[in-house]
Every structure is written in C-alpha cells, then in structure tokens.
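As provided, protein-v3.cif (mmCIF, C-alpha atoms) reads as follows.
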```
data_final
#
loop_
_atom_site.label_atom_id
_atom_site.label_comp_id
_atom_site.auth_asym_id
_atom_site.auth_seq_id
_atom_site.Cartn_x
_atom_site.Cartn_y
_atom_site.Cartn_z
CA MET A 841 13.41 32.24 32.40
CA GLY A 842 12.42 28.58 32.06
CA ILE A 843 12.81 26.58 28.87
CA LEU A 844 9.03 26.36 28.44
CA GLU A 845 8.35 30.05 29.06
CA GLY A 846 5.24 31.03 27.13
CA LYS A 847 4.45 27.47 26.05
CA ARG A 848 0.96 26.04 26.36
CA ILE A 849 0.95 22.31 27.01
CA LEU A 850 -1.72 19.61 27.33
CA VAL A 851 -0.67 16.88 29.76
CA THR A 852 -2.76 13.72 29.62
CA GLY A 853 -2.68 10.73 31.92
CA VAL A 854 -2.43 12.50 35.28
CA LEU A 855 -4.17 10.53 37.98
CA THR A 856 -2.20 10.63 41.22
CA ASP A 857 0.87 12.66 42.07
CA ASP A 858 3.13 9.61 41.75
CA SER A 859 2.54 9.44 37.98
CA LEU A 860 5.11 10.29 35.33
CA ALA A 861 2.55 12.64 33.80
CA PHE A 862 2.22 14.60 37.07
CA ALA A 863 6.01 14.87 37.39
CA THR A 864 6.17 16.19 33.84
CA ALA A 865 3.36 18.68 34.45
CA HIS A 866 5.11 19.89 37.61
CA THR A 867 8.43 20.34 35.82
CA ALA A 868 6.70 22.05 32.87
CA VAL A 869 5.02 24.58 35.16
CA THR A 870 8.31 25.18 36.97
CA GLU A 871 9.90 25.84 33.57
CA GLY A 872 7.32 28.48 32.71
CA ALA A 873 4.59 26.60 30.83
CA GLU A 874 0.86 27.01 31.14
CA VAL A 875 -0.66 23.55 31.32
CA VAL A 876 -4.04 21.91 31.17
CA LEU A 877 -4.52 18.35 32.34
CA SER A 878 -6.92 15.69 31.20
CA GLY A 879 -8.73 12.87 32.95
CA PHE A 880 -11.85 10.85 32.36
CA GLY A 881 -14.55 8.75 33.92
CA ARG A 882 -14.35 7.85 37.57
CA GLY A 883 -10.75 9.08 37.70
CA LEU A 884 -11.67 12.63 36.71
CA SER A 885 -12.33 13.76 40.28
CA ILE A 886 -8.96 12.31 41.36
CA THR A 887 -7.20 14.20 38.57
CA ARG A 888 -8.87 17.41 39.71
CA ARG A 889 -7.68 16.87 43.29
CA THR A 890 -4.18 16.06 42.07
CA ALA A 891 -4.13 19.22 39.93
CA ARG A 892 -4.28 21.30 43.13
CA LYS A 893 -0.82 20.00 44.06
CA LEU A 894 0.84 21.74 41.12
CA PRO A 895 2.52 25.14 41.68
CA VAL A 896 -0.29 26.76 39.64
CA GLU A 897 -3.59 24.87 39.63
CA PRO A 898 -4.54 24.11 36.01
CA ASP A 899 -7.87 23.37 34.41
CA VAL A 900 -8.75 19.71 33.90
CA LEU A 901 -10.44 18.58 30.70
CA GLU A 902 -12.46 15.41 30.36
CA ILE A 903 -10.94 13.30 27.58
CA ASP A 904 -11.72 9.68 26.96
CA VAL A 905 -9.42 9.01 24.01
CA THR A 906 -11.81 6.37 22.69
CA ASP A 907 -14.64 8.94 22.46
CA ALA A 908 -14.41 11.22 19.40
CA ARG A 909 -17.00 13.62 20.86
CA GLN A 910 -14.98 14.20 24.01
CA LEU A 911 -11.82 14.76 21.98
CA ALA A 912 -13.60 17.31 19.80
CA ALA A 913 -15.10 19.09 22.81
CA ALA A 914 -11.73 19.28 24.55
CA ALA A 915 -10.06 20.66 21.43
CA ALA A 916 -12.80 23.29 21.11
CA GLY A 917 -12.26 24.29 24.73
CA VAL A 918 -8.51 24.69 24.28
CA SER A 919 -9.08 26.63 21.06
CA ALA A 920 -11.39 29.06 22.83
CA ARG A 921 -8.95 29.40 25.73
CA TRP A 922 -5.60 29.65 23.96
CA GLY A 923 -6.08 29.52 20.19
CA ARG A 924 -2.96 27.37 19.88
CA LEU A 925 -1.22 24.42 21.47
CA ASP A 926 2.56 24.19 21.70
CA GLY A 927 2.82 20.67 23.02
CA ILE A 928 1.10 17.48 24.12
CA LEU A 929 2.28 14.82 26.53
CA HIS A 930 0.60 11.53 25.68
CA ALA A 931 0.81 9.47 28.87
CA ILE A 932 -2.06 7.08 28.26
CA GLY A 933 -2.02 3.31 28.41
CA PHE A 934 -4.30 0.51 29.51
CA ALA A 935 -4.61 -3.21 28.99
CA PRO A 936 -7.24 -5.57 30.42
CA PRO A 937 -5.83 -7.84 33.15
CA ASN A 938 -5.51 -10.95 31.01
CA CYS A 939 -3.27 -9.04 28.60
CA LEU A 940 -0.57 -8.79 31.29
CA GLY A 941 1.25 -11.58 33.08
CA SER A 942 -0.66 -14.49 31.57
CA GLY A 943 1.32 -15.09 28.40
CA MET A 944 0.33 -14.30 24.84
CA PHE A 945 -2.45 -16.89 24.50
CA ALA A 946 -4.67 -15.92 27.42
CA ALA A 947 -6.18 -12.77 25.90
CA GLN A 948 -8.62 -12.81 23.00
CA TRP A 949 -9.00 -10.09 20.38
CA ASP A 950 -11.73 -8.22 22.27
CA ASP A 951 -9.25 -7.49 25.07
CA VAL A 952 -6.20 -7.08 22.86
CA SER A 953 -8.06 -4.53 20.73
CA VAL A 954 -8.71 -2.46 23.86
CA ALA A 955 -5.01 -2.48 24.74
CA LEU A 956 -4.03 -1.40 21.23
CA HIS A 957 -6.76 1.25 20.99
CA VAL A 958 -6.04 2.92 24.32
CA SER A 959 -2.26 2.49 24.40
CA ALA A 960 -1.31 3.12 20.76
CA TYR A 961 -4.10 4.34 18.46
CA SER A 962 -4.98 6.97 21.07
CA LEU A 963 -1.85 8.92 20.12
CA LYS A 964 -3.17 9.37 16.59
CA ALA A 965 -6.66 10.22 17.88
CA LEU A 966 -5.30 12.81 20.31
CA VAL A 967 -3.02 14.46 17.77
CA ALA A 968 -5.77 14.51 15.13
CA ALA A 969 -8.19 16.27 17.48
CA PHE A 970 -5.70 18.98 18.40
CA LEU A 971 -3.93 19.20 15.03
CA PRO A 972 -5.33 22.62 14.02
CA LEU A 973 -4.00 24.09 17.27
CA LEU A 974 -0.62 22.37 16.88
CA GLU A 975 -0.41 23.70 13.32
CA VAL A 976 -0.75 27.27 14.61
CA SER A 977 2.30 26.73 16.82
CA GLY A 978 4.07 24.82 14.07
CA ALA A 979 3.80 27.84 11.80
CA ASP A 980 5.15 30.03 14.61
CA GLY A 981 8.35 28.15 15.37
CA GLY A 982 7.29 24.57 16.01
CA ALA A 983 5.17 22.30 18.16
CA SER A 984 6.02 19.08 19.97
CA VAL A 985 4.21 15.86 20.83
CA VAL A 986 5.82 13.51 23.35
CA SER A 987 4.60 10.06 24.32
CA LEU A 988 5.72 7.86 27.20
CA ASP A 989 7.14 4.48 26.25
CA PHE A 990 8.66 1.37 27.79
CA ASP A 991 11.29 0.12 25.35
CA ALA A 992 9.61 -2.36 23.03
CA SER A 993 12.76 -3.49 21.22
CA VAL A 994 12.84 -6.61 23.41
CA ALA A 995 10.25 -8.87 25.05
CA TRP A 996 9.85 -8.22 28.77
CA PRO A 997 8.63 -10.68 31.42
CA ALA A 998 4.88 -10.31 32.08
CA TYR A 999 4.47 -7.28 29.79
CA ASP A 1000 2.85 -9.41 27.08
CA TRP A 1001 0.27 -7.55 24.97
CA MET A 1002 1.19 -4.18 26.48
CA GLY A 1003 4.64 -4.74 25.00
CA VAL A 1004 3.01 -5.28 21.61
CA ALA A 1005 0.99 -2.09 22.11
CA LYS A 1006 4.17 -0.16 22.93
CA ALA A 1007 5.80 -1.53 19.78
CA ALA A 1008 2.82 -0.20 17.82
CA LEU A 1009 3.17 3.14 19.61
CA GLU A 1010 6.83 3.34 18.62
CA SER A 1011 6.04 2.63 14.97
CA LEU A 1012 3.14 5.09 14.96
CA THR A 1013 5.43 7.78 16.36
CA ARG A 1014 7.77 7.40 13.40
CA TYR A 1015 4.92 7.59 10.89
CA LEU A 1016 3.42 10.65 12.59
CA ALA A 1017 6.86 12.28 12.66
CA LYS A 1018 7.18 11.73 8.91
CA GLU A 1019 3.72 13.10 8.17
CA LEU A 1020 3.78 16.08 10.54
CA GLY A 1021 7.38 17.18 10.03
CA PRO A 1022 6.48 19.48 7.11
CA LYS A 1023 4.06 21.24 9.48
CA HIS A 1024 6.95 21.75 11.96
CA ILE A 1025 5.35 19.43 14.50
CA ARG A 1026 7.82 17.07 16.16
CA VAL A 1027 6.74 13.67 17.50
CA ASN A 1028 9.00 11.78 19.89
CA LEU A 1029 9.02 9.16 22.62
CA VAL A 1030 10.62 8.97 26.04
CA ALA A 1031 11.40 5.37 26.99
CA ALA A 1032 11.32 5.49 30.77
CA GLY A 1033 12.93 3.16 33.21
CA PRO A 1034 10.59 1.62 35.78
CA VAL A 1035 9.09 4.11 38.22
CA ARG A 1036 6.88 3.08 41.13
CA THR A 1037 3.56 4.51 39.95
CA MET A 1038 0.00 3.28 40.29
CA ALA A 1039 0.13 2.07 36.68
CA ALA A 1040 3.33 0.13 37.31
CA LYS A 1041 1.89 -1.56 40.37
CA SER A 1042 -0.84 -3.06 38.16
CA ILE A 1043 1.78 -4.98 36.14
CA PRO A 1044 2.36 -8.51 37.48
CA GLY A 1045 6.00 -9.03 38.38
CA PHE A 1046 6.87 -5.34 38.37
CA SER A 1047 9.05 -5.87 41.44
CA ALA A 1048 11.44 -7.88 39.27
CA PHE A 1049 12.15 -4.73 37.26
CA GLU A 1050 12.60 -2.72 40.45
CA ASP A 1051 15.07 -5.19 41.90
CA SER A 1052 17.32 -5.50 38.87
CA TRP A 1053 17.21 -2.16 37.04
CA ALA A 1054 19.53 -0.16 39.28
CA ALA A 1055 22.18 -2.89 39.14
CA ARG A 1056 22.04 -2.97 35.31
CA ALA A 1057 21.90 0.76 34.66
CA PRO A 1058 25.37 2.35 34.32
CA LEU A 1059 24.09 5.57 35.88
CA GLY A 1060 22.02 3.74 38.51
CA TRP A 1061 18.27 4.10 38.87
CA ASP A 1062 15.81 5.08 41.60
CA VAL A 1063 12.32 3.65 41.03
CA ARG A 1064 10.89 6.27 43.41
CA ASP A 1065 12.16 9.26 41.40
CA ALA A 1066 10.21 10.34 38.31
CA THR A 1067 12.28 13.51 37.85
CA PRO A 1068 14.70 12.17 35.19
CA VAL A 1069 11.78 11.08 33.01
CA ALA A 1070 9.95 14.37 33.52
CA LYS A 1071 13.04 16.38 32.56
CA ALA A 1072 13.47 14.32 29.38
CA CYS A 1073 9.85 14.99 28.41
CA VAL A 1074 10.19 18.71 29.11
CA ALA A 1075 13.39 18.90 27.06
CA LEU A 1076 11.55 17.42 24.06
CA LEU A 1077 8.59 19.76 24.60
CA SER A 1078 10.93 22.75 24.59
CA ASP A 1079 12.69 24.45 21.66
CA TRP A 1080 16.05 22.97 22.65
CA LEU A 1081 15.72 19.97 20.29
CA PRO A 1082 14.20 21.65 17.22
CA MET A 1083 15.50 19.08 14.70
CA THR A 1084 14.69 15.94 16.67
CA THR A 1085 11.66 13.93 15.61
CA GLY A 1086 10.74 10.28 15.28
CA GLU A 1087 13.19 9.64 18.11
CA THR A 1088 13.09 7.45 21.20
CA LEU A 1089 14.94 9.17 24.02
CA HIS A 1090 15.85 6.73 26.78
CA ALA A 1091 15.56 8.04 30.32
CA ASP A 1092 16.49 4.79 32.04
CA GLY A 1093 19.94 5.23 33.55
CA GLY A 1094 21.47 3.65 30.45
CA ALA A 1095 20.04 0.17 31.09
CA HIS A 1096 18.94 -0.15 27.44
CA ALA A 1097 22.57 0.07 26.31
CA VAL A 1098 23.98 -2.89 28.24
CA GLY A 1099 23.35 -6.62 28.29
CA ALA A 1100 22.06 -8.55 31.28
#
```
What do you get writing this file as structure tokens?
Amino acid sequence: MGILEGKRILVTGVLTDDSLAFATAHTAVTEGAEVVLSGFGRGLSITRRTARKLPVEPDVLEIDVTDARQLAAAAAGVSARWGRLDGILHAIGFAPPNCLGSGMFAAQWDDVSVALHVSAYSLKALVAAFLPLLEVSGADGGASVVSLDFDASVAWPAYDWMGVAKAALESLTRYLAKELGPKHIRVNLVAAGPVRTMAAKSIPGFSAFEDSWAARAPLGWDVRDATPVAKACVALLSDWLPMTTGETLHADGGAHAVGA
C-alpha cells in the first residue's frame, strides 16, 4: 500500500513531462493517490497530452489562477467529483522576461505585479477556492498544501524579481500555515535544487546553476532527475509528517547548508 493510498490530490503546473509537477503527479499515482491536473490557456492541450503519460490518465481542469471564475468552476467540479480534497501541489510561477536576468531596475511595476500575482498570490487564491474541500479532509485527519520553491534566503544571479516573488511565497506559506493549522490543513514548501525543466530553461544563466550545484551539494545533484523533489512533495502530501507546517523542506542535495 502506498503512502498516498486513498488520497485525492490536485496537481497544478503540469505542462511537459520534464516538469517537477509531472514527476510529483507520477510519484503520487504510484503511491496510490487519485490525481487531477490543471492547465490553462494555450498550454491546456499540452497538459492533456502529458496527462496520458501517467500510469492512470487523470482529468485535466482549466485553471488560470488569476481568474476567479475559473478557480470557482474548478472547485465546483472537484466538489461534484470527490466532495473533498486531501492535498494540493502548487507548482505555478511566471515572470515577464524583463523581470529575469536584467537586474532589479529593468522591470516596472506592471511586470513586477504579474510576477508577484502569478508566483506568490496565486497560492492564496488557489487555497481559498478549494478551502471548503480541504476543510472536509482536515476534519477527517488532515489535509496538505505543498508549494514548490527556490530558496529565497539569498540573492541568486539572474533570478531578480522571481527571487522576490519566491520570498513572498515563503512568507505567505508561514501565514497560511498559522491561519489554517486550526483546521488541520498543513502548508509547506519544498525548496528544490535546479532541475532541467522547460521553466528552468527560460531563466537566463540557468546553466551556471547546473554547472556548480553538484560540486557544492554534499549529497551530489543530478539536474536531469526530478525524483528527489517529487518524493519530498509526496512525503509532505502524505500523513507521514502530520505535525509539520510552515516548513521549507530542502530537496537540493544539501547545497543550502554549505558555503560556496
């Protein structure tokens, strides 16, 4: 029996099968979960094709996290289907091009606000839409929300405003953990090491992370292997960490713990 046996999980952010979200969905299904995926816009058809590569093909919901109507419709669909939701993986982030790799003065507020809305505020919007379903599971043993992070405790080369958005995401996670703890809903982060995904390739200078991370990480690191990150997410979605909330779990080979 897998550690997610009987769990019903929403996995957002799946586009191609090289994504951290796909790896997490695959591991979740292997561990016994029923999953639904989400996609939106022009990427929705790609998400649907990618869904067929999972061991059990899941439904795909359309969710633009900046559209309250789509969030409400998706929550209504999950309510009709399952009546509860045991977990959410928030794997959503976006920043306009001039927010990355151009320094902190290139982007104006119109672009920065997009980065903050999609990459940080979206966690609150997603949880709020599905909160009644999470509360059902919370009352029946607990529910879990997990978001993907890239450690924002330091400033990274080229990460710029996305680093600021991740810092906001980390702070928001702690506030949500405080507010939702009495409802037995846990909210945590997984700070992943660099993995060669489509999203990572859009970051200027990402190769610098690839080249140096394995040498820095005490356990080593393979930028082509999303499995360690997926397993960390699944562990937090399971019942194995029932008293862990507001936490940032590093799945990075230990690189965060050592100096350059």
*Selection near Leu877 in chain A, 9 Å with all atoms listed in the file, sequence-local residues under 2 positions removed, as a VMD selection string*: chain A and resid 849 to 854 865 875 879 887 to 888 891 898 to 902
Using C-alpha atoms, can you export the residues from the last selection as a short mmCIF file (atom, residue, chain, number, x, y, z; two decimals), in the coordinates of the input?
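Contents of the output file again-v8.cif:
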```cif
data_model
loop_
_atom_site.label_atom_id
_atom_site.label_comp_id
_atom_site.auth_asym_id
_atom_site.auth_seq_id
_atom_site.Cartn_x
_atom_site.Cartn_y
_atom_site.Cartn_z
CA ILE A 849 0.95 22.31 27.01
CA LEU A 850 -1.72 19.61 27.33
CA VAL A 851 -0.67 16.88 29.76
CA THR A 852 -2.76 13.72 29.62
CA GLY A 853 -2.68 10.73 31.92
CA VAL A 854 -2.43 12.50 35.28
CA ALA A 865 3.36 18.68 34.45
CA VAL A 875 -0.66 23.55 31.32
CA GLY A 879 -8.73 12.87 32.95
CA THR A 887 -7.20 14.20 38.57
CA ARG A 888 -8.87 17.41 39.71
CA ALA A 891 -4.13 19.22 39.93
CA PRO A 898 -4.54 24.11 36.01
CA ASP A 899 -7.87 23.37 34.41
CA VAL A 900 -8.75 19.71 33.90
CA LEU A 901 -10.44 18.58 30.70
CA GLU A 902 -12.46 15.41 30.36
#
```
*Out of A:His930, A:Lys1006, A:Arg892, A:Arg1036, which residue has the shortest atom-to-atom distance to Ser993 in chain A when counting only C-alpha atoms?*
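Ranking A:His930, A:Lys1006, A:Arg892, A:Arg1036 by distance to Ser993 in chain A, first place goes to A:Lys1006.
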*Report as a list in words the full result of the PyMOL selection byres ((chain A and resi 1067) around 9) when it is applied to this structure.*
Leu860, Ala863, Thr864, Thr867, Asp1065, Ala1066, Pro1068, Val1069, Ala1070, Lys1071 and Ala1072 of chain A
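The space separating CA of Ser878 in chain A from CA of Gly927 in chain A comes to 13.7 Å.
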*Compare A:Ala983, A:Ala873, A:Ala1091, A:Leu956 by their minimum atom-to-atom distance to Ala1007 in chain A, counting only C-alpha atoms, and give me the closest one.*
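That would be A:Leu956, the residue with the smallest distance to Ala1007 in chain A.
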*Of the candidates A:Gly1060, A:Gly1021, A:Gly941, A:Gly923, which one gets nearest to Gly978 in chain A if we count all atoms listed in the file?*
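That would be A:Gly1021, the residue with the smallest distance to Gly978 in chain A.
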*asked:* So, with all atoms listed in the file as the atoms that count, which of A:Thr1013, A:Phe970, A:Ser859, A:Gly872 lies closest to Ala914 in chain A?
replied: A:Phe970
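Between Gly846 in chain A and the candidates A:Ala1095, A:Ala868, A:Leu1089, A:Leu929, the tightest atom-to-atom separation, counting only C-alpha atoms, involves A:Ala868.
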Selection dump of the PyMOL selection byres ((chain A and resi 980) around 12), as a PDB file with C-alpha atoms, in the frame of the given file:
```pdb
ATOM      1  CA  LYS A 847       4.450  27.470  26.050  1.00  0.00           C
ATOM      2  CA  ARG A 924      -2.960  27.370  19.880  1.00  0.00           C
ATOM      3  CA  LEU A 925      -1.220  24.420  21.470  1.00  0.00           C
ATOM      4  CA  ASP A 926       2.560  24.190  21.700  1.00  0.00           C
ATOM      5  CA  LEU A 973      -4.000  24.090  17.270  1.00  0.00           C
ATOM      6  CA  LEU A 974      -0.620  22.370  16.880  1.00  0.00           C
ATOM      7  CA  GLU A 975      -0.410  23.700  13.320  1.00  0.00           C
ATOM      8  CA  VAL A 976      -0.750  27.270  14.610  1.00  0.00           C
ATOM      9  CA  SER A 977       2.300  26.730  16.820  1.00  0.00           C
ATOM     10  CA  GLY A 978       4.070  24.820  14.070  1.00  0.00           C
ATOM     11  CA  ALA A 979       3.800  27.840  11.800  1.00  0.00           C
ATOM     12  CA  GLY A 981       8.350  28.150  15.370  1.00  0.00           C
ATOM     13  CA  GLY A 982       7.290  24.570  16.010  1.00  0.00           C
ATOM     14  CA  ALA A 983       5.170  22.300  18.160  1.00  0.00           C
ATOM     15  CA  LYS A1023       4.060  21.240   9.480  1.00  0.00           C
ATOM     16  CA  HIS A1024       6.950  21.750  11.960  1.00  0.00           C
ATOM     17  CA  ILE A1025       5.350  19.430  14.500  1.00  0.00           C
ATOM     18  CA  ASP A1079      12.690  24.450  21.660  1.00  0.00           C
TER      19      ASP A1079
END
```
*asked:* I want to know what sits within 9 Å of His866 in chain A, based on all atoms listed in the file, with residues of the same chain fewer than 6 positions away left out; could you give that as a ChimeraX atom specification?
replied: /A:893-896,1070
*For the file shown, report as JSON, numbers by chain the outcome of the PyMOL selection byres ((chain A and resi 1056) around 10) at residue level.*
{"A": [1051, 1052, 1053, 1054, 1055, 1057, 1058, 1059, 1060, 1061, 1093, 1094, 1095, 1096, 1097, 1098, 1099, 1100]}
Could the residues in this selection be written to a file with C-alpha atoms, as a PDB file, in the frame of the given file?
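As written to disk, part_15.pdb reads:
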```pdb
ATOM      1  CA  ASP A1051      15.070  -5.190  41.900  1.00  0.00           C
ATOM      2  CA  SER A1052      17.320  -5.500  38.870  1.00  0.00           C
ATOM      3  CA  TRP A1053      17.210  -2.160  37.040  1.00  0.00           C
ATOM      4  CA  ALA A1054      19.530  -0.160  39.280  1.00  0.00           C
ATOM      5  CA  ALA A1055      22.180  -2.890  39.140  1.00  0.00           C
ATOM      6  CA  ALA A1057      21.900   0.760  34.660  1.00  0.00           C
ATOM      7  CA  PRO A1058      25.370   2.350  34.320  1.00  0.00           C
ATOM      8  CA  LEU A1059      24.090   5.570  35.880  1.00  0.00           C
ATOM      9  CA  GLY A1060      22.020   3.740  38.510  1.00  0.00           C
ATOM     10  CA  TRP A1061      18.270   4.100  38.870  1.00  0.00           C
ATOM     11  CA  GLY A1093      19.940   5.230  33.550  1.00  0.00           C
ATOM     12  CA  GLY A1094      21.470   3.650  30.450  1.00  0.00           C
ATOM     13  CA  ALA A1095      20.040   0.170  31.090  1.00  0.00           C
ATOM     14  CA  HIS A1096      18.940  -0.150  27.440  1.00  0.00           C
ATOM     15  CA  ALA A1097      22.570   0.070  26.310  1.00  0.00           C
ATOM     16  CA  VAL A1098      23.980  -2.890  28.240  1.00  0.00           C
ATOM     17  CA  GLY A1099      23.350  -6.620  28.290  1.00  0.00           C
ATOM     18  CA  ALA A1100      22.060  -8.550  31.280  1.00  0.00           C
TER      19      ALA A1100
END
```
_One number please: CA of Leu963 in chain A to CA of Ala995 in chain A, in Å, one decimal._
22.1 Å
